[in-house]
$ cat data_29.csv   # CSV, C-alpha atoms
chain,number,residue,atom,x,y,z
A,1,MET,CA,-71.6,-253.7,-36.5
A,2,GLN,CA,-70.1,-250.6,-34.9
A,3,GLU,CA,-71.1,-251.6,-31.3
A,4,TYR,CA,-69.2,-254.9,-31.6
A,5,PHE,CA,-66.1,-253.0,-32.7
A,6,ASN,CA,-66.6,-250.6,-29.7
A,7,ILE,CA,-66.8,-253.4,-27.2
A,8,ALA,CA,-63.7,-255.0,-28.6
A,9,ILE,CA,-61.7,-251.8,-28.5
A,10,LYS,CA,-63.0,-251.0,-25.0
A,11,SER,CA,-62.0,-254.4,-23.6
A,12,ILE,CA,-58.6,-254.3,-25.3
A,13,PHE,CA,-57.4,-250.9,-24.2
A,14,ILE,CA,-59.7,-249.2,-21.6
A,15,GLU,CA,-60.7,-252.2,-19.6
A,16,ASN,CA,-57.5,-254.1,-20.1
A,17,MET,CA,-57.5,-257.3,-18.0
A,18,ILE,CA,-54.0,-256.8,-16.6
A,19,PHE,CA,-53.7,-253.0,-16.3
A,20,ALA,CA,-57.2,-252.1,-15.1
A,21,PHE,CA,-58.2,-255.2,-13.2
A,22,PHE,CA,-54.9,-257.1,-12.4
A,23,ILE,CA,-56.5,-260.3,-13.7
A,24,GLY,CA,-54.3,-263.2,-14.8
A,25,MET,CA,-51.2,-261.8,-13.1
A,26,CYS,CA,-49.8,-265.1,-11.9
A,27,SER,CA,-49.0,-266.5,-15.4
A,28,TYR,CA,-48.4,-263.0,-16.6
A,29,LEU,CA,-45.4,-262.7,-14.3
A,30,ALA,CA,-44.3,-266.3,-14.5
A,31,VAL,CA,-44.3,-266.8,-18.3
A,32,SER,CA,-43.1,-263.4,-19.5
A,33,LYS,CA,-39.4,-264.1,-19.7
A,34,THR,CA,-39.2,-264.5,-23.5
A,35,VAL,CA,-41.3,-263.0,-26.3
A,36,LYS,CA,-41.7,-266.4,-28.0
A,37,THR,CA,-43.3,-268.3,-25.1
A,38,SER,CA,-45.4,-265.4,-24.1
A,39,MET,CA,-46.8,-265.2,-27.6
A,40,GLY,CA,-47.7,-268.8,-27.4
A,41,LEU,CA,-49.6,-268.4,-24.2
A,42,GLY,CA,-51.2,-265.2,-25.4
A,43,ILE,CA,-52.6,-267.0,-28.5
A,44,ALA,CA,-53.8,-269.9,-26.3
A,45,VAL,CA,-55.6,-267.5,-24.0
A,46,ILE,CA,-57.4,-265.7,-26.9
A,47,PHE,CA,-58.5,-269.1,-28.3
A,48,VAL,CA,-59.8,-270.5,-25.0
A,49,GLN,CA,-61.5,-267.2,-24.2
A,50,LEU,CA,-63.3,-267.3,-27.6
A,51,VAL,CA,-64.6,-270.8,-26.8
A,52,THR,CA,-65.5,-270.6,-23.1
A,53,VAL,CA,-67.1,-267.2,-22.7
A,54,PRO,CA,-69.8,-267.7,-25.4
A,55,MET,CA,-70.3,-271.2,-24.0
A,56,ASN,CA,-70.9,-269.9,-20.5
A,57,TYR,CA,-73.1,-267.2,-21.9
A,58,LEU,CA,-75.4,-269.8,-23.4
A,59,LEU,CA,-75.4,-271.8,-20.1
A,60,LEU,CA,-76.3,-268.6,-18.2
A,61,GLU,CA,-79.1,-267.7,-20.6
A,62,TYR,CA,-80.7,-271.1,-20.9
A,63,VAL,CA,-79.9,-272.8,-17.5
A,64,LEU,CA,-78.7,-270.6,-14.7
A,65,LYS,CA,-80.5,-267.2,-14.8
A,66,PRO,CA,-83.7,-266.8,-12.8
A,67,GLY,CA,-86.5,-268.0,-15.2
A,68,ALA,CA,-84.0,-269.4,-17.7
A,69,LEU,CA,-85.4,-272.9,-17.5
A,70,LYS,CA,-88.8,-271.7,-19.0
A,71,TRP,CA,-88.1,-273.6,-22.2
A,72,MET,CA,-88.4,-276.9,-20.2
A,73,GLY,CA,-92.0,-276.1,-19.3
A,74,GLY,CA,-94.1,-273.8,-17.2
A,75,GLN,CA,-93.3,-275.4,-13.8
A,76,PHE,CA,-89.6,-274.5,-14.1
A,77,ALA,CA,-90.3,-270.8,-14.9
A,78,ASP,CA,-89.3,-269.5,-11.4
A,79,VAL,CA,-86.3,-271.7,-10.8
A,80,ASP,CA,-83.2,-269.7,-10.0
A,81,LEU,CA,-79.9,-271.5,-10.2
A,82,SER,CA,-77.6,-268.5,-10.4
A,83,PHE,CA,-75.8,-269.4,-7.1
A,84,LEU,CA,-74.3,-272.3,-8.9
A,85,SER,CA,-72.7,-270.1,-11.6
A,86,PHE,CA,-69.1,-270.3,-10.2
A,87,MET,CA,-69.1,-274.1,-10.2
A,88,ILE,CA,-70.7,-274.4,-13.6
A,89,TYR,CA,-68.3,-271.9,-15.2
A,90,ILE,CA,-65.2,-273.5,-13.8
A,91,ALA,CA,-66.4,-277.0,-14.8
A,92,THR,CA,-67.1,-275.8,-18.3
A,93,ILE,CA,-63.7,-274.2,-18.5
A,94,ALA,CA,-61.8,-277.2,-17.2
A,95,ALA,CA,-63.7,-279.5,-19.5
A,96,ILE,CA,-63.3,-277.3,-22.6
A,97,VAL,CA,-59.6,-276.8,-22.0
A,98,GLN,CA,-59.2,-280.6,-21.8
A,99,LEU,CA,-61.3,-281.0,-25.0
A,100,VAL,CA,-59.4,-278.3,-26.9
A,101,GLU,CA,-56.1,-280.0,-25.9
A,102,MET,CA,-57.2,-283.3,-27.3
A,103,VAL,CA,-58.6,-281.8,-30.5
A,104,VAL,CA,-55.5,-279.8,-31.2
A,105,GLU,CA,-53.3,-282.7,-30.5
A,106,LYS,CA,-55.2,-284.9,-32.9
A,107,PHE,CA,-55.6,-282.4,-35.8
A,108,SER,CA,-52.6,-280.1,-35.6
A,109,PRO,CA,-49.6,-281.6,-33.9
A,110,ALA,CA,-47.5,-278.5,-34.9
A,111,LEU,CA,-49.8,-276.1,-33.0
A,112,TYR,CA,-50.0,-278.6,-30.2
A,113,ASN,CA,-46.2,-278.6,-29.8
A,114,SER,CA,-46.1,-274.9,-29.6
A,115,LEU,CA,-49.0,-274.5,-27.2
A,116,GLY,CA,-48.8,-277.9,-25.5
A,117,ILE,CA,-47.5,-277.1,-22.0
A,118,PHE,CA,-49.6,-273.9,-21.7
A,119,LEU,CA,-53.1,-275.4,-22.4
A,120,PRO,CA,-53.5,-277.2,-19.1
A,121,LEU,CA,-52.2,-274.2,-17.3
A,122,ILE,CA,-55.0,-272.1,-18.8
A,123,ALA,CA,-57.7,-273.9,-16.9
A,124,VAL,CA,-56.5,-272.2,-13.7
A,125,ASN,CA,-55.7,-268.8,-15.3
A,126,CYS,CA,-57.8,-266.2,-13.6
A,127,ALA,CA,-58.3,-264.3,-16.9
A,128,ILE,CA,-60.4,-267.0,-18.3
A,129,LEU,CA,-62.8,-267.3,-15.4
A,130,ALA,CA,-62.9,-263.5,-15.1
A,131,GLY,CA,-64.0,-263.3,-18.7
A,132,SER,CA,-67.1,-265.4,-17.9
A,133,LEU,CA,-67.7,-263.5,-14.6
A,134,PHE,CA,-67.5,-260.1,-16.3
A,135,MET,CA,-69.7,-261.3,-19.1
A,136,GLU,CA,-72.4,-262.1,-16.4
A,137,GLN,CA,-71.9,-258.8,-14.6
A,138,ARG,CA,-72.0,-256.6,-17.7
A,139,ASP,CA,-75.1,-258.0,-19.2
A,140,TYR,CA,-74.2,-258.3,-22.8
A,141,LYS,CA,-77.3,-258.4,-25.0
A,142,ASN,CA,-76.5,-261.0,-27.7
A,143,LEU,CA,-74.0,-263.6,-28.8
A,144,GLY,CA,-72.2,-261.1,-31.1
A,145,GLU,CA,-71.4,-258.8,-28.3
A,146,VAL,CA,-70.2,-261.7,-26.1
A,147,PHE,CA,-67.9,-262.8,-28.9
A,148,SER,CA,-66.4,-259.4,-29.4
A,149,PHE,CA,-65.9,-259.0,-25.6
A,150,ALA,CA,-64.2,-262.5,-25.5
A,151,PHE,CA,-61.9,-261.6,-28.3
A,152,GLY,CA,-61.1,-258.2,-26.9
A,153,SER,CA,-60.3,-259.3,-23.3
A,154,GLY,CA,-58.1,-262.2,-24.6
A,155,PHE,CA,-56.3,-259.9,-27.1
A,156,GLY,CA,-55.7,-257.3,-24.4
A,157,TRP,CA,-54.2,-259.8,-22.1
A,158,ALA,CA,-52.0,-261.2,-24.9
A,159,LEU,CA,-50.9,-257.7,-25.8
A,160,ALA,CA,-49.9,-257.0,-22.2
A,161,ILE,CA,-47.9,-260.1,-21.8
A,162,VAL,CA,-46.0,-259.8,-25.1
A,163,SER,CA,-45.1,-256.2,-24.4
A,164,LEU,CA,-43.8,-257.1,-20.9
A,165,ALA,CA,-41.8,-259.9,-22.3
A,166,ALA,CA,-40.2,-257.6,-24.8
A,167,ILE,CA,-39.2,-255.1,-22.1
A,168,ARG,CA,-37.8,-257.9,-19.8
A,169,GLU,CA,-35.7,-259.2,-22.7
A,170,LYS,CA,-34.1,-255.8,-23.1
A,171,MET,CA,-33.8,-255.4,-19.3
A,172,LYS,CA,-31.2,-258.2,-19.1
A,173,TYR,CA,-28.6,-255.7,-20.2
A,174,SER,CA,-29.4,-253.1,-17.5
A,175,ASN,CA,-28.0,-252.7,-14.1
A,176,VAL,CA,-30.9,-253.2,-11.6
A,177,PRO,CA,-30.3,-252.9,-7.9
A,178,ALA,CA,-29.8,-256.5,-6.5
A,179,PRO,CA,-32.9,-256.8,-4.2
A,180,LEU,CA,-35.1,-255.5,-7.0
A,181,ARG,CA,-33.8,-258.0,-9.6
A,182,GLY,CA,-36.4,-260.3,-11.2
A,183,LEU,CA,-39.8,-260.0,-9.5
A,184,GLY,CA,-39.5,-256.5,-7.9
A,185,ILE,CA,-38.6,-254.6,-11.0
A,186,THR,CA,-41.2,-256.6,-13.0
A,187,PHE,CA,-43.9,-255.3,-10.7
A,188,ILE,CA,-42.7,-251.7,-11.0
A,189,ILE,CA,-42.5,-251.9,-14.8
A,190,THR,CA,-46.1,-253.3,-14.9
A,191,GLY,CA,-47.1,-250.4,-12.7
A,192,LEU,CA,-45.5,-247.9,-15.1
A,193,MET,CA,-47.1,-249.7,-18.1
A,194,GLY,CA,-50.4,-249.4,-16.3
A,195,ILE,CA,-50.0,-245.6,-15.9
A,196,ALA,CA,-49.4,-245.5,-19.7
A,197,PHE,CA,-52.5,-247.4,-20.3
A,198,MET,CA,-54.5,-245.1,-18.1
A,199,SER,CA,-54.3,-242.5,-20.9
A,200,PHE,CA,-56.8,-244.6,-22.8
A,201,MET,CA,-59.4,-244.0,-20.0
A,202,GLY,CA,-60.3,-240.6,-21.6
A,203,ILE,CA,-61.6,-242.2,-24.7
A,204,LYS,CA,-65.4,-242.1,-24.9
A,205,ILE,CA,-67.1,-244.9,-26.9
B,10,MET,CA,-46.4,-286.0,16.5
B,11,SER,CA,-48.3,-283.6,18.7
B,12,MET,CA,-50.7,-281.2,17.2
B,13,PHE,CA,-48.7,-278.1,18.0
B,14,SER,CA,-45.1,-279.3,17.5
B,15,SER,CA,-42.4,-276.9,16.6
B,16,LYS,CA,-42.5,-278.3,13.0
B,17,ASN,CA,-46.1,-277.3,12.7
B,18,PHE,CA,-45.4,-273.9,14.2
B,19,LYS,CA,-42.7,-273.4,11.6
B,20,LEU,CA,-45.1,-274.4,8.9
B,21,PHE,CA,-47.5,-271.8,10.2
B,22,THR,CA,-45.0,-268.9,10.4
B,23,SER,CA,-42.8,-269.4,7.4
B,24,PRO,CA,-45.4,-267.9,5.0
B,25,PHE,CA,-45.1,-264.6,6.9
B,26,ASN,CA,-41.6,-263.9,5.6
B,27,LEU,CA,-39.3,-266.3,3.8
B,28,GLN,CA,-42.1,-268.2,2.1
B,29,ASN,CA,-44.6,-265.4,1.7
B,30,PRO,CA,-47.1,-266.4,-1.0
B,31,ILE,CA,-47.2,-263.0,-2.6
B,32,THR,CA,-43.7,-261.6,-2.5
B,33,VAL,CA,-41.7,-264.8,-2.7
B,34,GLN,CA,-43.8,-267.6,-4.2
B,35,VAL,CA,-45.6,-265.0,-6.6
B,36,LEU,CA,-49.0,-266.7,-6.1
B,37,GLY,CA,-52.4,-265.0,-6.0
B,38,ILE,CA,-51.4,-261.6,-7.2
B,39,CYS,CA,-54.6,-261.2,-9.2
B,40,SER,CA,-56.9,-260.5,-6.4
B,41,ALA,CA,-54.3,-259.1,-4.1
B,42,LEU,CA,-54.0,-255.8,-6.0
B,43,ALA,CA,-57.5,-255.1,-7.0
B,44,VAL,CA,-59.2,-255.1,-3.6
B,45,THR,CA,-56.6,-252.9,-1.8
B,46,VAL,CA,-58.0,-249.4,-2.4
B,47,LYS,CA,-59.7,-249.5,1.0
B,48,LEU,CA,-58.7,-251.5,4.1
B,49,LYS,CA,-62.1,-253.1,4.9
B,50,PRO,CA,-62.5,-255.1,1.6
B,51,ALA,CA,-58.9,-256.1,1.8
B,52,LEU,CA,-59.4,-257.6,5.3
B,53,VAL,CA,-62.6,-259.4,4.2
B,54,MET,CA,-60.8,-260.7,1.2
B,55,GLY,CA,-57.8,-261.9,3.3
B,56,ILE,CA,-60.1,-263.8,5.7
B,57,SER,CA,-62.1,-265.3,2.9
B,58,VAL,CA,-59.0,-266.6,1.1
B,59,THR,CA,-57.6,-267.9,4.4
B,60,VAL,CA,-60.8,-269.9,5.1
B,61,VAL,CA,-60.9,-271.3,1.6
B,62,THR,CA,-57.2,-272.2,1.5
B,63,ALA,CA,-57.3,-273.9,4.9
B,64,PHE,CA,-60.4,-276.0,4.3
B,65,SER,CA,-59.6,-276.9,0.7
B,66,ASN,CA,-56.2,-278.1,1.9
B,67,LEU,CA,-57.9,-280.1,4.7
B,68,ILE,CA,-60.5,-281.7,2.4
B,69,ILE,CA,-58.1,-282.5,-0.5
B,70,SER,CA,-55.6,-284.0,2.0
B,71,TYR,CA,-58.2,-286.4,3.3
B,72,MET,CA,-59.1,-287.4,-0.2
B,73,ARG,CA,-55.6,-287.5,-1.6
B,74,GLU,CA,-55.3,-291.2,-1.9
B,75,TYR,CA,-58.7,-291.6,-3.7
B,76,ILE,CA,-58.3,-289.0,-6.4
B,77,PRO,CA,-57.1,-290.4,-9.8
B,78,PRO,CA,-54.1,-288.3,-10.8
B,79,ARG,CA,-55.5,-287.7,-14.3
B,80,ILE,CA,-58.6,-285.8,-13.2
B,81,ARG,CA,-57.2,-284.3,-10.0
B,82,ILE,CA,-57.4,-280.7,-11.3
B,83,ILE,CA,-61.1,-280.9,-12.0
B,84,VAL,CA,-61.7,-282.5,-8.6
B,85,GLN,CA,-59.7,-279.8,-6.9
B,86,LEU,CA,-61.5,-277.1,-8.8
B,87,VAL,CA,-64.9,-278.4,-7.9
B,88,ILE,CA,-64.1,-278.6,-4.2
B,89,VAL,CA,-62.6,-275.1,-4.2
B,90,ALA,CA,-65.6,-273.8,-6.1
B,91,ALA,CA,-68.0,-275.3,-3.6
B,92,LEU,CA,-66.2,-273.6,-0.7
B,93,VAL,CA,-66.1,-270.3,-2.6
B,94,ILE,CA,-69.9,-270.5,-3.2
B,95,LEU,CA,-70.3,-270.9,0.5
B,96,VAL,CA,-68.1,-267.9,1.3
B,97,ASP,CA,-69.8,-265.8,-1.4
B,98,GLN,CA,-73.3,-266.6,0.1
B,99,ILE,CA,-72.1,-265.8,3.6
B,100,LEU,CA,-70.6,-262.5,2.5
B,101,ARG,CA,-73.8,-261.5,0.7
B,102,ALA,CA,-75.8,-262.3,3.8
B,103,PHE,CA,-73.7,-260.5,6.4
B,104,VAL,CA,-71.5,-257.8,4.7
B,105,TYR,CA,-73.5,-257.0,1.6
B,106,ASP,CA,-71.8,-253.7,0.8
B,107,VAL,CA,-68.3,-255.3,0.9
B,108,SER,CA,-69.5,-258.1,-1.2
B,109,LYS,CA,-70.7,-255.6,-3.8
B,110,GLN,CA,-67.2,-253.9,-3.8
B,111,LEU,CA,-65.4,-257.1,-4.2
B,112,SER,CA,-67.6,-258.0,-7.2
B,113,VAL,CA,-66.0,-260.6,-9.4
B,114,TYR,CA,-63.0,-261.0,-7.2
B,115,VAL,CA,-64.8,-263.3,-4.8
B,116,GLY,CA,-65.4,-265.7,-7.7
B,117,LEU,CA,-61.8,-265.4,-8.7
B,118,ILE,CA,-60.7,-267.0,-5.4
B,119,ILE,CA,-61.4,-270.2,-7.2
B,120,THR,CA,-58.6,-269.6,-9.6
B,121,ASN,CA,-56.4,-267.9,-7.0
B,122,CYS,CA,-53.1,-269.5,-7.6
B,123,ILE,CA,-52.3,-269.7,-3.8
B,124,ILE,CA,-55.0,-272.3,-3.4
B,125,MET,CA,-54.1,-274.4,-6.4
B,126,GLY,CA,-50.5,-274.0,-5.6
B,127,ARG,CA,-50.8,-275.2,-2.0
B,128,LEU,CA,-53.1,-278.0,-3.0
B,129,GLU,CA,-50.6,-279.3,-5.5
B,130,ALA,CA,-47.5,-278.6,-3.5
B,131,TYR,CA,-48.5,-279.5,-0.1
B,132,ALA,CA,-52.0,-281.1,0.5
B,133,MET,CA,-51.6,-283.8,-2.2
B,134,ALA,CA,-48.6,-285.2,-0.3
B,135,ASN,CA,-49.2,-284.5,3.4
B,136,LYS,CA,-51.5,-285.5,6.3
B,137,PRO,CA,-54.7,-283.4,6.9
B,138,TRP,CA,-53.6,-281.6,10.1
B,139,PRO,CA,-50.3,-280.2,8.8
B,140,SER,CA,-52.1,-279.3,5.5
B,141,PHE,CA,-54.7,-277.4,7.4
B,142,ILE,CA,-51.9,-275.4,9.2
B,143,ASP,CA,-50.1,-274.8,6.0
B,144,GLY,CA,-53.3,-273.4,4.5
B,145,LEU,CA,-53.9,-271.2,7.5
B,146,GLY,CA,-50.3,-269.9,7.4
B,147,ASN,CA,-50.4,-269.1,3.7
B,148,GLY,CA,-53.7,-267.4,4.0
B,149,PHE,CA,-52.5,-265.2,6.8
B,150,GLY,CA,-49.3,-264.4,4.9
B,151,TYR,CA,-51.4,-263.3,2.0
B,152,ALA,CA,-53.8,-261.3,4.2
B,153,MET,CA,-50.8,-259.6,5.8
B,154,ILE,CA,-49.5,-258.2,2.5
B,155,LEU,CA,-53.0,-257.1,1.5
B,156,ALA,CA,-53.5,-255.3,4.8
B,157,ILE,CA,-50.1,-253.5,4.4
B,158,ILE,CA,-50.9,-252.3,0.9
B,159,ALA,CA,-54.5,-251.4,1.7
B,160,THR,CA,-53.3,-249.3,4.8
B,161,VAL,CA,-50.9,-247.3,2.8
B,162,ARG,CA,-53.3,-246.8,-0.1
B,163,GLU,CA,-56.3,-245.8,2.1
B,164,LEU,CA,-54.2,-243.6,4.4
B,165,LEU,CA,-52.5,-241.7,1.6
B,166,GLY,CA,-55.2,-241.9,-1.0
B,167,SER,CA,-58.3,-241.0,1.0
B,168,GLY,CA,-57.0,-239.9,4.4
B,169,THR,CA,-59.1,-242.5,6.2
B,170,LEU,CA,-58.6,-245.9,7.8
B,171,LEU,CA,-61.5,-248.4,7.8
B,172,GLY,CA,-63.7,-245.4,6.8
B,173,HIS,CA,-62.7,-243.3,9.8
B,174,LYS,CA,-61.0,-239.9,9.3
B,175,VAL,CA,-57.4,-240.2,10.5
B,176,ILE,CA,-55.7,-237.2,9.1
B,177,PRO,CA,-56.9,-234.1,11.0
B,178,GLU,CA,-58.7,-231.2,9.3
B,179,SER,CA,-56.0,-228.8,10.3
B,180,PHE,CA,-53.6,-230.6,7.9
B,181,TYR,CA,-55.9,-230.0,5.0
B,182,ALA,CA,-56.3,-226.3,6.0
B,183,GLY,CA,-52.5,-226.1,5.9
B,184,GLY,CA,-52.4,-227.2,2.3
B,185,TYR,CA,-52.1,-231.0,2.7
B,186,MET,CA,-53.8,-232.9,-0.1
B,187,ASN,CA,-54.8,-236.6,-0.6
B,188,ASN,CA,-52.7,-238.3,-3.2
B,189,GLY,CA,-55.2,-239.3,-5.9
B,190,MET,CA,-52.6,-241.4,-7.6
B,191,MET,CA,-52.8,-243.9,-4.7
B,192,ILE,CA,-56.3,-244.8,-5.6
B,193,MET,CA,-55.3,-245.7,-9.2
B,194,PRO,CA,-54.6,-249.4,-10.0
B,195,PRO,CA,-50.9,-249.0,-11.0
B,196,MET,CA,-49.8,-247.7,-7.6
B,197,ALA,CA,-50.7,-251.1,-6.1
B,198,LEU,CA,-48.2,-252.8,-8.4
B,199,ILE,CA,-45.5,-250.2,-7.5
B,200,LEU,CA,-46.2,-250.7,-3.8
B,201,VAL,CA,-45.8,-254.5,-4.1
B,202,GLY,CA,-42.5,-253.8,-5.9
B,203,LEU,CA,-41.3,-251.6,-3.1
B,204,ILE,CA,-42.3,-254.2,-0.4
B,205,ILE,CA,-40.3,-256.8,-2.3
B,206,TRP,CA,-37.4,-254.5,-2.5
B,207,PHE,CA,-37.5,-253.9,1.2
B,208,GLN,CA,-38.0,-257.5,2.1
B,209,ARG,CA,-35.1,-258.7,-0.2
B,210,SER,CA,-32.7,-256.1,1.1
B,211,ARG,CA,-33.3,-257.5,4.6
B,212,ASN,CA,-33.1,-261.1,3.6
B,213,LYS,CA,-30.2,-261.5,1.2
B,214,GLU,CA,-30.9,-265.1,0.4
B,215,LEU,CA,-34.0,-264.2,-1.5
B,216,ILE,CA,-32.2,-262.1,-4.1
B,217,GLU,CA,-32.5,-263.5,-7.6
B,218,LYS,CA,-29.5,-263.8,-9.8

$ encode --input "data_29.csv" --output "structure tokens"
Amino acid sequence: MQEYFNIAIKSIFIENMIFAFFIGMCSYLAVSKTVKTSMGLGIAVIFVQLVTVPMNYLLLEYVLKPGALKWMGGQFADVDLSFLSFMIYIATIAAIVQLVEMVVEKFSPALYNSLGIFLPLIAVNCAILAGSLFMEQRDYKNLGEVFSFAFGSGFGWALAIVSLAAIREKMKYSNVPAPLRGLGITFIITGLMGIAFMSFMGIKI
Amino acid sequence: MSMFSSKNFKLFTSPFNLQNPITVQVLGICSALAVTVKLKPALVMGISVTVVTAFSNLIISYMREYIPPRIRIIVQLVIVAALVILVDQILRAFVYDVSKQLSVYVGLIITNCIIMGRLEAYAMANKPWPSFIDGLGNGFGYAMILAIIATVRELLGSGTLLGHKVIPESFYAGGYMNNGMMIMPPMALILVGLIIWFQRSRNKELIEK
């Protein structure tokens, strides 16, 4: 139980998608103008991350890895499809996002209205694909670890975007030099937030 | 329309300044920052993105009349993914050490917003040749910012350029020290902020209200 908790904490704070790897920056900068919309996008990212990363893990274990096709019979034992992983991952993500959109629309119109416009955007959010790629790179041992990593990375991303949105809401009242207004100052603030998050690096788990 | 008309030339050069993908259109930041600790991976990344952007623009532009609008994102993603797999295999074969350094960021070219952004904004509505030029221009605009940031970070952070020592030993003997902060991730963000500040104070029309 404890190792699942450790993986989650590690991927939220120490290996934060935004501050340590700059992943998912495009939508992070574009959608962080108000806290309400960024919260919606954050929740959508956590949700999609929790579905796609375990799904891609299963695909990796039983289809893509060298020797993964053993369950189909002895003659497939040395097939290595790992060069296809990018394409399989992105196809899974695009398909699942489409599916999630339809399911949510059917069963929970209220949630759909609040997430609606963000769901299609998520298919091309780097954070989602990076979740699957890091999962492959870090060699998680079982489905439980994969789930806690998926939750942690999604939650860390959501935390970052909501806190940036809160700062930007307050910043409307301050006098920023004209050429820095908007994008420039947002970059510098993200940098400063990153320096603050660096303090978590010392934690050993 | 000739192949190198002034219109096409403008298409090629506008991403260098007024339409720069990183500092003006805010596309493709994800990978731009993470690979800029050293100059060499930054250059390799810039070239890879340029190749993928140019050719995906070209292919999608040829196919634009046959793609059903409802599934166009999946079609685009599959084509981009195929090109990225090619680039990844080539990098592994010829520059293995750089490919190791770039790790997941090669795969992330697929979801690099520059590519999707140019496909949606330009290639879906224009002829193949101008789309190809547009892709090349945007790729080079992106590579340019990467090269600037990587030069500053490598020079100040490790005292080298492309792995060669640039700052002479006598400086270190005199008390000069490498700035360890430059190697840390947050400095890349702050440098982009400073580049934007510089660019916008030179081009007043880019200032946001």

$ atom_distance --input "data_29.csv" --atom1 "atom CA of Val162 of chain A" --atom2 "atom CA of Ser32 of chain A"
7.3 Å

$ interface_residues --input "data_29.csv" --of "chain A" --to "chain B" --cutoff "8 Å" --atoms "all atoms listed in the file" --output "ChimeraX atom specification"
/A:19-26,83-84,86-87,90-91,94,124-126,129-130,133-134,178-188,190-192,194-195

$ closest_residue --input "data_29.csv" --among "A:Gln49, A:Leu41, A:Leu60, A:Gly74" --to "Tyr112 of chain A" --atoms "only C-alpha atoms"
A:Leu41

$ closest_residue --input "data_29.csv" --among "B:Met54, B:Ile76, B:Leu111, B:Val104" --to "Met133 of chain B" --atoms "all atoms listed in the file"
B:Ile76

$ residues_near_point --input "data_29.csv" --point "(-53.9, -270.5, -0.8)" --cutoff "12 Å" --atoms "all atoms listed in the file" --output "PyMOL selection string"
chain B and resi 24+29-31+34-38+40-41+55-67+89+118-132+140-152

$ write_last_selection --input "data_29.csv" --atoms "C-alpha atoms" --output "compact mmCIF listing (two decimals), keeping the file's coordinate frame"
# COMPACT_ATOMS: atom_id res chain seq x y z
CA PRO B 24 -45.40 -267.90 5.00
CA ASN B 29 -44.60 -265.40 1.70
CA PRO B 30 -47.10 -266.40 -1.00
CA ILE B 31 -47.20 -263.00 -2.60
CA GLN B 34 -43.80 -267.60 -4.20
CA VAL B 35 -45.60 -265.00 -6.60
CA LEU B 36 -49.00 -266.70 -6.10
CA GLY B 37 -52.40 -265.00 -6.00
CA ILE B 38 -51.40 -261.60 -7.20
CA SER B 40 -56.90 -260.50 -6.40
CA ALA B 41 -54.30 -259.10 -4.10
CA GLY B 55 -57.80 -261.90 3.30
CA ILE B 56 -60.10 -263.80 5.70
CA SER B 57 -62.10 -265.30 2.90
CA VAL B 58 -59.00 -266.60 1.10
CA THR B 59 -57.60 -267.90 4.40
CA VAL B 60 -60.80 -269.90 5.10
CA VAL B 61 -60.90 -271.30 1.60
CA THR B 62 -57.20 -272.20 1.50
CA ALA B 63 -57.30 -273.90 4.90
CA PHE B 64 -60.40 -276.00 4.30
CA SER B 65 -59.60 -276.90 0.70
CA ASN B 66 -56.20 -278.10 1.90
CA LEU B 67 -57.90 -280.10 4.70
CA VAL B 89 -62.60 -275.10 -4.20
CA ILE B 118 -60.70 -267.00 -5.40
CA ILE B 119 -61.40 -270.20 -7.20
CA THR B 120 -58.60 -269.60 -9.60
CA ASN B 121 -56.40 -267.90 -7.00
CA CYS B 122 -53.10 -269.50 -7.60
CA ILE B 123 -52.30 -269.70 -3.80
CA ILE B 124 -55.00 -272.30 -3.40
CA MET B 125 -54.10 -274.40 -6.40
CA GLY B 126 -50.50 -274.00 -5.60
CA ARG B 127 -50.80 -275.20 -2.00
CA LEU B 128 -53.10 -278.00 -3.00
CA GLU B 129 -50.60 -279.30 -5.50
CA ALA B 130 -47.50 -278.60 -3.50
CA TYR B 131 -48.50 -279.50 -0.10
CA ALA B 132 -52.00 -281.10 0.50
CA SER B 140 -52.10 -279.30 5.50
CA PHE B 141 -54.70 -277.40 7.40
CA ILE B 142 -51.90 -275.40 9.20
CA ASP B 143 -50.10 -274.80 6.00
CA GLY B 144 -53.30 -273.40 4.50
CA LEU B 145 -53.90 -271.20 7.50
CA GLY B 146 -50.30 -269.90 7.40
CA ASN B 147 -50.40 -269.10 3.70
CA GLY B 148 -53.70 -267.40 4.00
CA PHE B 149 -52.50 -265.20 6.80
CA GLY B 150 -49.30 -264.40 4.90
CA TYR B 151 -51.40 -263.30 2.00
CA ALA B 152 -53.80 -261.30 4.20

$ atom_distance --input "data_29.csv" --atom1 "atom CA of Ala165 of chain A" --atom2 "atom CA of Ser38 of chain A"
6.8 Å

$ residues_around --input "data_29.csv" --residues "Phe149 of chain A" --least-positions-apart "4" --cutoff "9 Å" --atoms "all atoms listed in the file" --output "PyMOL selection string"
chain A and resi 4+7-12+50+53+131+135+140+144-145+153-154

$ closest_residue --input "data_29.csv" --among "B:Ala51, B:Ile158, B:Met153, B:Val175" --to "Phe25 of chain B" --atoms "all atoms listed in the file"
B:Met153

$ atom_distance --input "data_29.csv" --atom1 "atom CA of Leu164 of chain B" --atom2 "atom CA of Val46 of chain B"
9.7 Å

$ closest_residue --input "data_29.csv" --among "A:Ile14, A:Ser132, A:Lys33, A:Ser82" --to "Lys172 of chain A" --atoms "all atoms listed in the file"
A:Lys33
